[in-house]
Amino acid sequence: MTREKGIFRQVLERPLGLAVLSLLAVFYLVALFADFLSPYETSDQDLQKTYHPPTSVFWKDGGLHVQRYELAEPQEMVYRKIEGEGAPIRFFASGYEYRLFGLIPAERHLFLVDEPDRIYLLGSDETGRDNFSRLLYGSRISLSIGLVGISIIMVFGFMAGGLAGYFGGIWDGVTMRFIELVMAIPGLYLLLVLRSTFPDHLSPAQIFFLIVLILSFLAWGGTARIIRGMTLSLRNRQFVLAAEVLGQSSWKIVWKHILPNVFSYLVVAASLSIPGFILGEAALSFLGLGIQEPSASWGLMLSQAQDMKVFMLNFWWLLLPGAAIFVTVIAFNVLGDVLRDIVDPKQKFLSR
Amino acid sequence: MRTVITRRLLALIPMLLGITFMATMLMHLAPGDFLDQVRMQRDVDPDYIERLEQEFGLHNPWYVQYFLWLSNVIPWDLRSDFGYSFHYKVDVWELLGQRLPATIILSLTSLTFAWIIAIPLGVLAAIYKDSVFDRISSILAYAALSIPEFFLALLALFFAARTGLFPLGGFTSTEFEFMSPFRKFFDIVHHLVLPTIVVGIGSIASIMRIMRANFIDNIRSEYVTTARAKGVPEGIVMFRHVFRNAINPLITAAGFAFSTILSGALMVEIVMNYPGIGHLVFHALLQQDQFVVLGALVMGSTMLILGNLLADIMLAWNDPRIRYD
């Protein structure tokens, strides 16, 4: 198991790995700077401009302008360009206040236009909120939920799997039966039952952690099983037996001898469940049981697109959050496969 | 083999007890109960609510309610009673029975669709390994595995609304009752097309990947070299020898497919307003209609466990080297 290079270096050396990591790096940067990049807050409505199509941008008088539109047919929500009219886009202008990285108070935004004009790069929703800004803020949820989730899975997966494999006996039996029980319930059913156990009205942070915990509860079993299998095979190896003969405590053996040997598998097994977290959160929010308005999440934004109006009048831009979920999940799936090929090329332990 | 099957079937009993016990506990941890909506109305007589509480046994602690439910379910007199839906005011078993056909039809059509598309694609991708076709199909498989099912369902509805080619969700048209038998059949098929494709796409990708991997493994084996050395035409080598061997492991996949027949289409049913089991369970959960949820959980989990058992049995039947005892 000795490797000359770190996993990270090996991922970068593969073209697919490099491509996916750069894509994800861009996504995370966007999520980090969402306040700076988005012109409006997630709750900023404009009831005069509902279902506004994406605004076009043109060059006039030595500056970029955003096209001005008029509501041509209020029944059908058809907006028409007013030829030649536009509002200048101001870069690094001051807008709503926010805290950069949650710490530094700031009010500069990459681009803005003066009221009452609005810039809707990706259109607006049924209350005239900016789809682009909401998409950026929503990325924070989808991109962080998997990372928080796998840290939980790694801890529980290792504790349950490692201890079950090392100590065996009753502890092993109880843990494995419990995992089988959880796995015997259709996943989405269990997800919904667990969610309904908690009250609907919680703070956004509480809801976020609730969702992470529920999804981790659904996912830790697979990781624990893999780690258990590996621990069982490590358990009778010379170095573990030697440590036992020398009188090292069980905790120390698990911590110092087992963990380092299964660690890379632990990371990869856990990272394979990231897409599950992203999709799980999106599905819950889509059903109205996850992140609540006015916060933005990709799944929640998609639930708005369920309106017949959206289908009939072709408000296609409201489906963009789905595309965002899709691209993110693909990226994590590819990353997971690349990692698995590096750590377990023969797919002995980690299979899908 | 027979002892293994018996053992696994017996293991089903504690499993189902555990699942239903856990589910009852969870549902009672949830704030409020089914009668909340009734209590919200000011003009409802408190005596009436009291009577309803008595009738549904809601004043008992949850574990008492669980054991009452359990004693009704266990078929002492050869019939089990899964309780009564608070919301629909019908027997749970009857309610599930009404919704069952829609879900089973959808599962069967989508499975058939997936297998018909996936097997040839997997074979072609394996024969022309590393070709453009192989690359494109593996990218598409990746895409199919990564797209959220509910988003695909939304896209399908969007497509239906834009083109007008397909109905916007549902199982039958409103005028279904007045149609001739032939029209009825056509109406159901018409409603099934989009849900079938949406549910099927996810399984196409996974079946295709398994098929491709098996086929490639078999192409490398020695009997293929022997056959080629004898001068057997390449087409016969591929289809008479390799294909027959490569399809075997997919028989197991059929077992796993069986396990998701009831619960696999939950999101699609909700988005496309398709009146199946998933749709029912979701709304029952929102309304805290607990016996419906318990009944559906029992059914869904049984199918899941039986499906896995079926997969193991078929694997052993297919490959005599495998022994479970």
# chains A, B, ... in the order shown; residues from 1 in each chain; ligands from 1
$ closest_atom_pairs --of "chain B" --to "chain A" --cutoff "6 Å" --atoms "only C-alpha atoms" --output "tab-separated table"
residue	atom	partner	partner_atom	distance
B:Leu26	CA	A:Thr197	CA	5.6
B:Met27	CA	A:Thr197	CA	5.8
B:Leu29	CA	A:Thr197	CA	5.5
B:Ala30	CA	A:Thr197	CA	3.9
B:Ser146	CA	A:Ile330	CA	5.3
B:Ile147	CA	A:Phe326	CA	5.0
B:Phe151	CA	A:Gly322	CA	5.8
B:Phe158	CA	A:Phe311	CA	5.0
B:Ala161	CA	A:Phe311	CA	5.7
B:Ser301	CA	A:Ile185	CA	5.1
$ select_by_dssp --residues "stretch 75-248 of chain A" --states "strand (DSSP E)" --output "ChimeraX atom specification"
/A:78-88,90-100,104-112
$ write_last_selection --atoms "C-alpha atoms" --output "compact mmCIF listing (two decimals), in the first residue's frame"
# COMPACT_ATOMS: atom_id res chain seq x y z
CA VAL A 78 -44.42 37.95 -23.30
CA TYR A 79 -41.75 40.62 -22.98
CA ARG A 80 -40.58 42.61 -26.00
CA LYS A 81 -37.31 44.47 -26.45
CA ILE A 82 -37.52 48.26 -26.58
CA GLU A 83 -35.10 48.93 -29.44
CA GLY A 84 -32.10 51.08 -28.61
CA GLU A 85 -33.03 51.51 -24.97
CA GLY A 86 -30.91 50.11 -22.21
CA ALA A 87 -29.37 50.75 -18.84
CA PRO A 88 -25.60 50.93 -18.36
CA ARG A 90 -21.87 49.27 -13.57
CA PHE A 91 -18.97 47.06 -12.60
CA PHE A 92 -17.72 46.73 -9.02
CA ALA A 93 -20.63 48.89 -7.97
CA SER A 94 -22.06 48.94 -4.47
CA GLY A 95 -25.28 47.04 -3.94
CA TYR A 96 -26.81 45.06 -1.08
CA GLU A 97 -24.59 44.41 1.92
CA TYR A 98 -23.15 41.01 2.62
CA ARG A 99 -20.30 39.34 4.46
CA LEU A 100 -17.60 37.90 2.25
CA ILE A 104 -15.77 40.50 5.98
CA PRO A 105 -18.53 43.10 5.56
CA ALA A 106 -18.74 44.22 1.93
CA GLU A 107 -21.15 45.75 -0.54
CA ARG A 108 -19.30 45.59 -3.87
CA HIS A 109 -20.75 43.40 -6.61
CA LEU A 110 -19.22 42.35 -9.89
CA PHE A 111 -21.97 43.97 -11.93
CA LEU A 112 -25.20 45.86 -11.28
$ residues_around --residues "A:Leu266" --least-positions-apart "3" --cutoff "7 Å" --atoms "only C-alpha atoms" --output "PyMOL selection string"
chain A and resi 154+227+262-263+269-270
$ select_by_dssp --residues "stretch 97-184 of chain B" --states "alpha helix (DSSP H)" --output "PyMOL selection string"
chain B and resi 97-127+132-146+149-163+181-184
$ residues_around --residues "A:Val240" --least-positions-apart "5" --cutoff "12 Å" --atoms "only C-alpha atoms" --output "number ranges by chain"
A: 166, 231-235, 245-250, 252-259, 261
$ write_last_selection --atoms "N, CA and C atoms" --output "PDB file, in the first residue's frame"
ATOM      1  N   TYR A 166     -12.867  -5.722  13.698  1.00  0.00           N
ATOM      2  CA  TYR A 166     -11.766  -6.028  14.603  1.00  0.00           C
ATOM      3  C   TYR A 166     -12.229  -6.867  15.792  1.00  0.00           C
ATOM      4  N   THR A 231     -11.036  -4.788   7.317  1.00  0.00           N
ATOM      5  CA  THR A 231     -10.493  -4.994   8.657  1.00  0.00           C
ATOM      6  C   THR A 231     -10.389  -6.487   8.976  1.00  0.00           C
ATOM      7  N   LEU A 232     -11.421  -7.235   8.559  1.00  0.00           N
ATOM      8  CA  LEU A 232     -11.385  -8.683   8.791  1.00  0.00           C
ATOM      9  C   LEU A 232     -10.138  -9.300   8.173  1.00  0.00           C
ATOM     10  N   SER A 233      -9.794  -8.838   6.965  1.00  0.00           N
ATOM     11  CA  SER A 233      -8.630  -9.441   6.325  1.00  0.00           C
ATOM     12  C   SER A 233      -7.324  -8.926   6.925  1.00  0.00           C
ATOM     13  N   LEU A 234      -7.347  -7.711   7.480  1.00  0.00           N
ATOM     14  CA  LEU A 234      -6.130  -7.176   8.111  1.00  0.00           C
ATOM     15  C   LEU A 234      -5.903  -7.796   9.487  1.00  0.00           C
ATOM     16  N   ARG A 235      -7.016  -8.207  10.089  1.00  0.00           N
ATOM     17  CA  ARG A 235      -7.003  -8.605  11.484  1.00  0.00           C
ATOM     18  C   ARG A 235      -5.980  -9.713  11.791  1.00  0.00           C
ATOM     19  N   VAL A 245       0.548  -9.202  20.440  1.00  0.00           N
ATOM     20  CA  VAL A 245       1.477  -9.938  21.302  1.00  0.00           C
ATOM     21  C   VAL A 245       2.274  -8.976  22.173  1.00  0.00           C
ATOM     22  N   LEU A 246       2.619  -7.829  21.598  1.00  0.00           N
ATOM     23  CA  LEU A 246       3.374  -6.840  22.363  1.00  0.00           C
ATOM     24  C   LEU A 246       2.520  -6.168  23.426  1.00  0.00           C
ATOM     25  N   GLY A 247       1.233  -6.466  23.421  1.00  0.00           N
ATOM     26  CA  GLY A 247       0.365  -5.941  24.470  1.00  0.00           C
ATOM     27  C   GLY A 247      -0.181  -4.562  24.209  1.00  0.00           C
ATOM     28  N   GLN A 248      -0.226  -4.143  22.941  1.00  0.00           N
ATOM     29  CA  GLN A 248      -0.833  -2.842  22.673  1.00  0.00           C
ATOM     30  C   GLN A 248      -2.339  -2.926  22.898  1.00  0.00           C
ATOM     31  N   SER A 249      -2.923  -1.807  23.310  1.00  0.00           N
ATOM     32  CA  SER A 249      -4.354  -1.836  23.564  1.00  0.00           C
ATOM     33  C   SER A 249      -5.114  -1.909  22.237  1.00  0.00           C
ATOM     34  N   SER A 250      -6.328  -2.468  22.304  1.00  0.00           N
ATOM     35  CA  SER A 250      -7.114  -2.645  21.084  1.00  0.00           C
ATOM     36  C   SER A 250      -7.351  -1.317  20.377  1.00  0.00           C
ATOM     37  N   LYS A 252      -5.543   1.284  20.377  1.00  0.00           N
ATOM     38  CA  LYS A 252      -4.335   1.755  19.723  1.00  0.00           C
ATOM     39  C   LYS A 252      -4.107   0.978  18.425  1.00  0.00           C
ATOM     40  N   ILE A 253      -4.391  -0.315  18.455  1.00  0.00           N
ATOM     41  CA  ILE A 253      -4.199  -1.112  17.240  1.00  0.00           C
ATOM     42  C   ILE A 253      -5.135  -0.628  16.136  1.00  0.00           C
ATOM     43  N   VAL A 254      -6.422  -0.434  16.508  1.00  0.00           N
ATOM     44  CA  VAL A 254      -7.380   0.025  15.504  1.00  0.00           C
ATOM     45  C   VAL A 254      -6.954   1.377  14.953  1.00  0.00           C
ATOM     46  N   TRP A 255      -6.528   2.240  15.843  1.00  0.00           N
ATOM     47  CA  TRP A 255      -6.190   3.605  15.459  1.00  0.00           C
ATOM     48  C   TRP A 255      -4.893   3.678  14.668  1.00  0.00           C
ATOM     49  N   LYS A 256      -3.858   2.945  15.140  1.00  0.00           N
ATOM     50  CA  LYS A 256      -2.523   3.105  14.544  1.00  0.00           C
ATOM     51  C   LYS A 256      -2.246   2.116  13.418  1.00  0.00           C
ATOM     52  N   HIS A 257      -2.876   0.945  13.463  1.00  0.00           N
ATOM     53  CA  HIS A 257      -2.530  -0.066  12.459  1.00  0.00           C
ATOM     54  C   HIS A 257      -3.626  -0.296  11.433  1.00  0.00           C
ATOM     55  N   ILE A 258      -4.867  -0.298  11.898  1.00  0.00           N
ATOM     56  CA  ILE A 258      -5.954  -0.574  10.950  1.00  0.00           C
ATOM     57  C   ILE A 258      -6.277   0.670  10.125  1.00  0.00           C
ATOM     58  N   LEU A 259      -6.510   1.787  10.824  1.00  0.00           N
ATOM     59  CA  LEU A 259      -6.949   2.988  10.121  1.00  0.00           C
ATOM     60  C   LEU A 259      -6.018   3.415   8.982  1.00  0.00           C
ATOM     61  N   ASN A 261      -4.187   1.728   7.144  1.00  0.00           N
ATOM     62  CA  ASN A 261      -4.251   0.783   6.038  1.00  0.00           C
ATOM     63  C   ASN A 261      -5.556   0.832   5.260  1.00  0.00           C
TER      64      ASN A 261
END
$ atom_distance --atom1 "atom CA of B:Phe282" --atom2 "atom CA of A:Ile150"
27.4 Å
$ residues_around --residues "A:Ala205" --least-positions-apart "2" --cutoff "12 Å" --atoms "only C-alpha atoms" --output "VMD selection string"
chain A and resid 141 145 201 to 203 207 to 212 290 to 292 295
$ write_last_selection --atoms "N, CA and C atoms" --output "mmCIF file, in the first residue's frame"
data_model
loop_
_atom_site.group_PDB
_atom_site.id
_atom_site.type_symbol
_atom_site.label_atom_id
_atom_site.label_comp_id
_atom_site.auth_asym_id
_atom_site.auth_seq_id
_atom_site.Cartn_x
_atom_site.Cartn_y
_atom_site.Cartn_z
ATOM 1 N N ILE A 141 -25.351 25.125 -1.340
ATOM 2 C CA ILE A 141 -25.952 23.970 -0.673
ATOM 3 C C ILE A 141 -25.512 22.675 -1.329
ATOM 4 N N ILE A 145 -23.054 20.061 0.716
ATOM 5 C CA ILE A 145 -23.755 18.976 1.413
ATOM 6 C C ILE A 145 -22.988 17.662 1.311
ATOM 7 N N HIS A 201 -40.953 23.580 10.360
ATOM 8 C CA HIS A 201 -40.408 24.926 10.443
ATOM 9 C C HIS A 201 -39.173 24.956 11.315
ATOM 10 N N LEU A 202 -38.042 24.922 10.656
ATOM 11 C CA LEU A 202 -36.758 24.984 11.340
ATOM 12 C C LEU A 202 -35.965 26.093 10.667
ATOM 13 N N SER A 203 -34.883 26.521 11.329
ATOM 14 C CA SER A 203 -34.053 27.541 10.687
ATOM 15 C C SER A 203 -33.303 26.895 9.526
ATOM 16 N N ILE A 207 -32.211 22.934 9.114
ATOM 17 C CA ILE A 207 -32.709 22.069 8.038
ATOM 18 C C ILE A 207 -31.545 21.447 7.289
ATOM 19 N N PHE A 208 -30.535 22.270 7.012
ATOM 20 C CA PHE A 208 -29.377 21.775 6.270
ATOM 21 C C PHE A 208 -28.748 20.599 7.004
ATOM 22 N N PHE A 209 -28.492 20.771 8.304
ATOM 23 C CA PHE A 209 -27.820 19.694 9.038
ATOM 24 C C PHE A 209 -28.735 18.488 9.227
ATOM 25 N N LEU A 210 -30.017 18.772 9.344
ATOM 26 C CA LEU A 210 -30.972 17.663 9.430
ATOM 27 C C LEU A 210 -30.896 16.799 8.177
ATOM 28 N N ILE A 211 -30.887 17.464 7.016
ATOM 29 C CA ILE A 211 -30.827 16.717 5.753
ATOM 30 C C ILE A 211 -29.524 15.926 5.663
ATOM 31 N N VAL A 212 -28.413 16.585 6.038
ATOM 32 C CA VAL A 212 -27.123 15.882 5.987
ATOM 33 C C VAL A 212 -27.169 14.650 6.877
ATOM 34 N N GLY A 290 -37.265 20.023 2.078
ATOM 35 C CA GLY A 290 -35.865 20.347 2.362
ATOM 36 C C GLY A 290 -35.690 21.815 2.652
ATOM 37 N N ILE A 291 -34.740 22.427 1.961
ATOM 38 C CA ILE A 291 -34.471 23.845 2.120
ATOM 39 C C ILE A 291 -35.737 24.634 1.791
ATOM 40 N N GLN A 292 -36.057 25.639 2.640
ATOM 41 C CA GLN A 292 -37.313 26.376 2.471
ATOM 42 C C GLN A 292 -37.067 27.763 1.892
ATOM 43 N N SER A 295 -34.663 30.933 1.052
ATOM 44 C CA SER A 295 -33.337 30.447 0.703
ATOM 45 C C SER A 295 -33.421 29.768 -0.663
#
$ residues_around --residues "B:Ala160" --least-positions-apart "5" --cutoff "9 Å" --atoms "only C-alpha atoms" --output "PyMOL selection string"
(chain A and resi 311) or (chain B and resi 155+165-169+194)
$ write_last_selection --atoms "N, CA and C atoms" --output "PDB file, in the first residue's frame"
ATOM      1  N   PHE A 311     -44.440  25.232 -18.358  1.00  0.00           N
ATOM      2  CA  PHE A 311     -44.386  24.337 -19.520  1.00  0.00           C
ATOM      3  C   PHE A 311     -45.042  24.994 -20.731  1.00  0.00           C
TER       4      PHE A 311
ATOM      5  N   LEU B 155     -38.408  17.386 -17.517  1.00  0.00           N
ATOM      6  CA  LEU B 155     -38.081  17.608 -18.922  1.00  0.00           C
ATOM      7  C   LEU B 155     -39.096  16.909 -19.817  1.00  0.00           C
ATOM      8  N   LEU B 165     -47.540  16.057 -28.005  1.00  0.00           N
ATOM      9  CA  LEU B 165     -47.597  14.672 -28.480  1.00  0.00           C
ATOM     10  C   LEU B 165     -48.086  13.719 -27.406  1.00  0.00           C
ATOM     11  N   PHE B 166     -47.801  14.053 -26.152  1.00  0.00           N
ATOM     12  CA  PHE B 166     -48.144  13.139 -25.067  1.00  0.00           C
ATOM     13  C   PHE B 166     -48.941  13.862 -24.003  1.00  0.00           C
ATOM     14  N   PRO B 167     -49.740  13.108 -23.237  1.00  0.00           N
ATOM     15  CA  PRO B 167     -50.516  13.744 -22.163  1.00  0.00           C
ATOM     16  C   PRO B 167     -49.583  14.211 -21.036  1.00  0.00           C
ATOM     17  N   LEU B 168     -50.069  15.225 -20.289  1.00  0.00           N
ATOM     18  CA  LEU B 168     -49.260  15.791 -19.208  1.00  0.00           C
ATOM     19  C   LEU B 168     -49.474  14.995 -17.929  1.00  0.00           C
ATOM     20  N   GLY B 169     -48.885  13.848 -17.853  1.00  0.00           N
ATOM     21  CA  GLY B 169     -48.959  13.043 -16.638  1.00  0.00           C
ATOM     22  C   GLY B 169     -50.273  12.297 -16.504  1.00  0.00           C
ATOM     23  N   LEU B 194     -44.032   8.267 -21.765  1.00  0.00           N
ATOM     24  CA  LEU B 194     -43.027   9.129 -21.142  1.00  0.00           C
ATOM     25  C   LEU B 194     -42.531   8.598 -19.793  1.00  0.00           C
TER      26      LEU B 194
END
$ atom_distance --atom1 "atom CA of A:Gly128" --atom2 "atom CA of A:His52"
7.0 Å
$ residues_around --residues "B:Pro275" --least-positions-apart "5" --cutoff "12 Å" --atoms "only C-alpha atoms" --output "PyMOL selection string"
chain B and resi 95-106+169-172+191-192+195+265-270+280-283
$ closest_residue --among "A:Trp171, A:Tyr265, A:Phe27, A:Phe36" --to "A:Phe101" --atoms "only C-alpha atoms"
A:Phe36
$ atom_distance --atom1 "atom CA of A:Leu47" --atom2 "atom CA of A:Ser124"
10.2 Å
$ closest_residue --among "A:Gln304, A:Ser264, A:Thr175, A:Ser38" --to "A:Phe132" --atoms "only C-alpha atoms"
A:Ser38
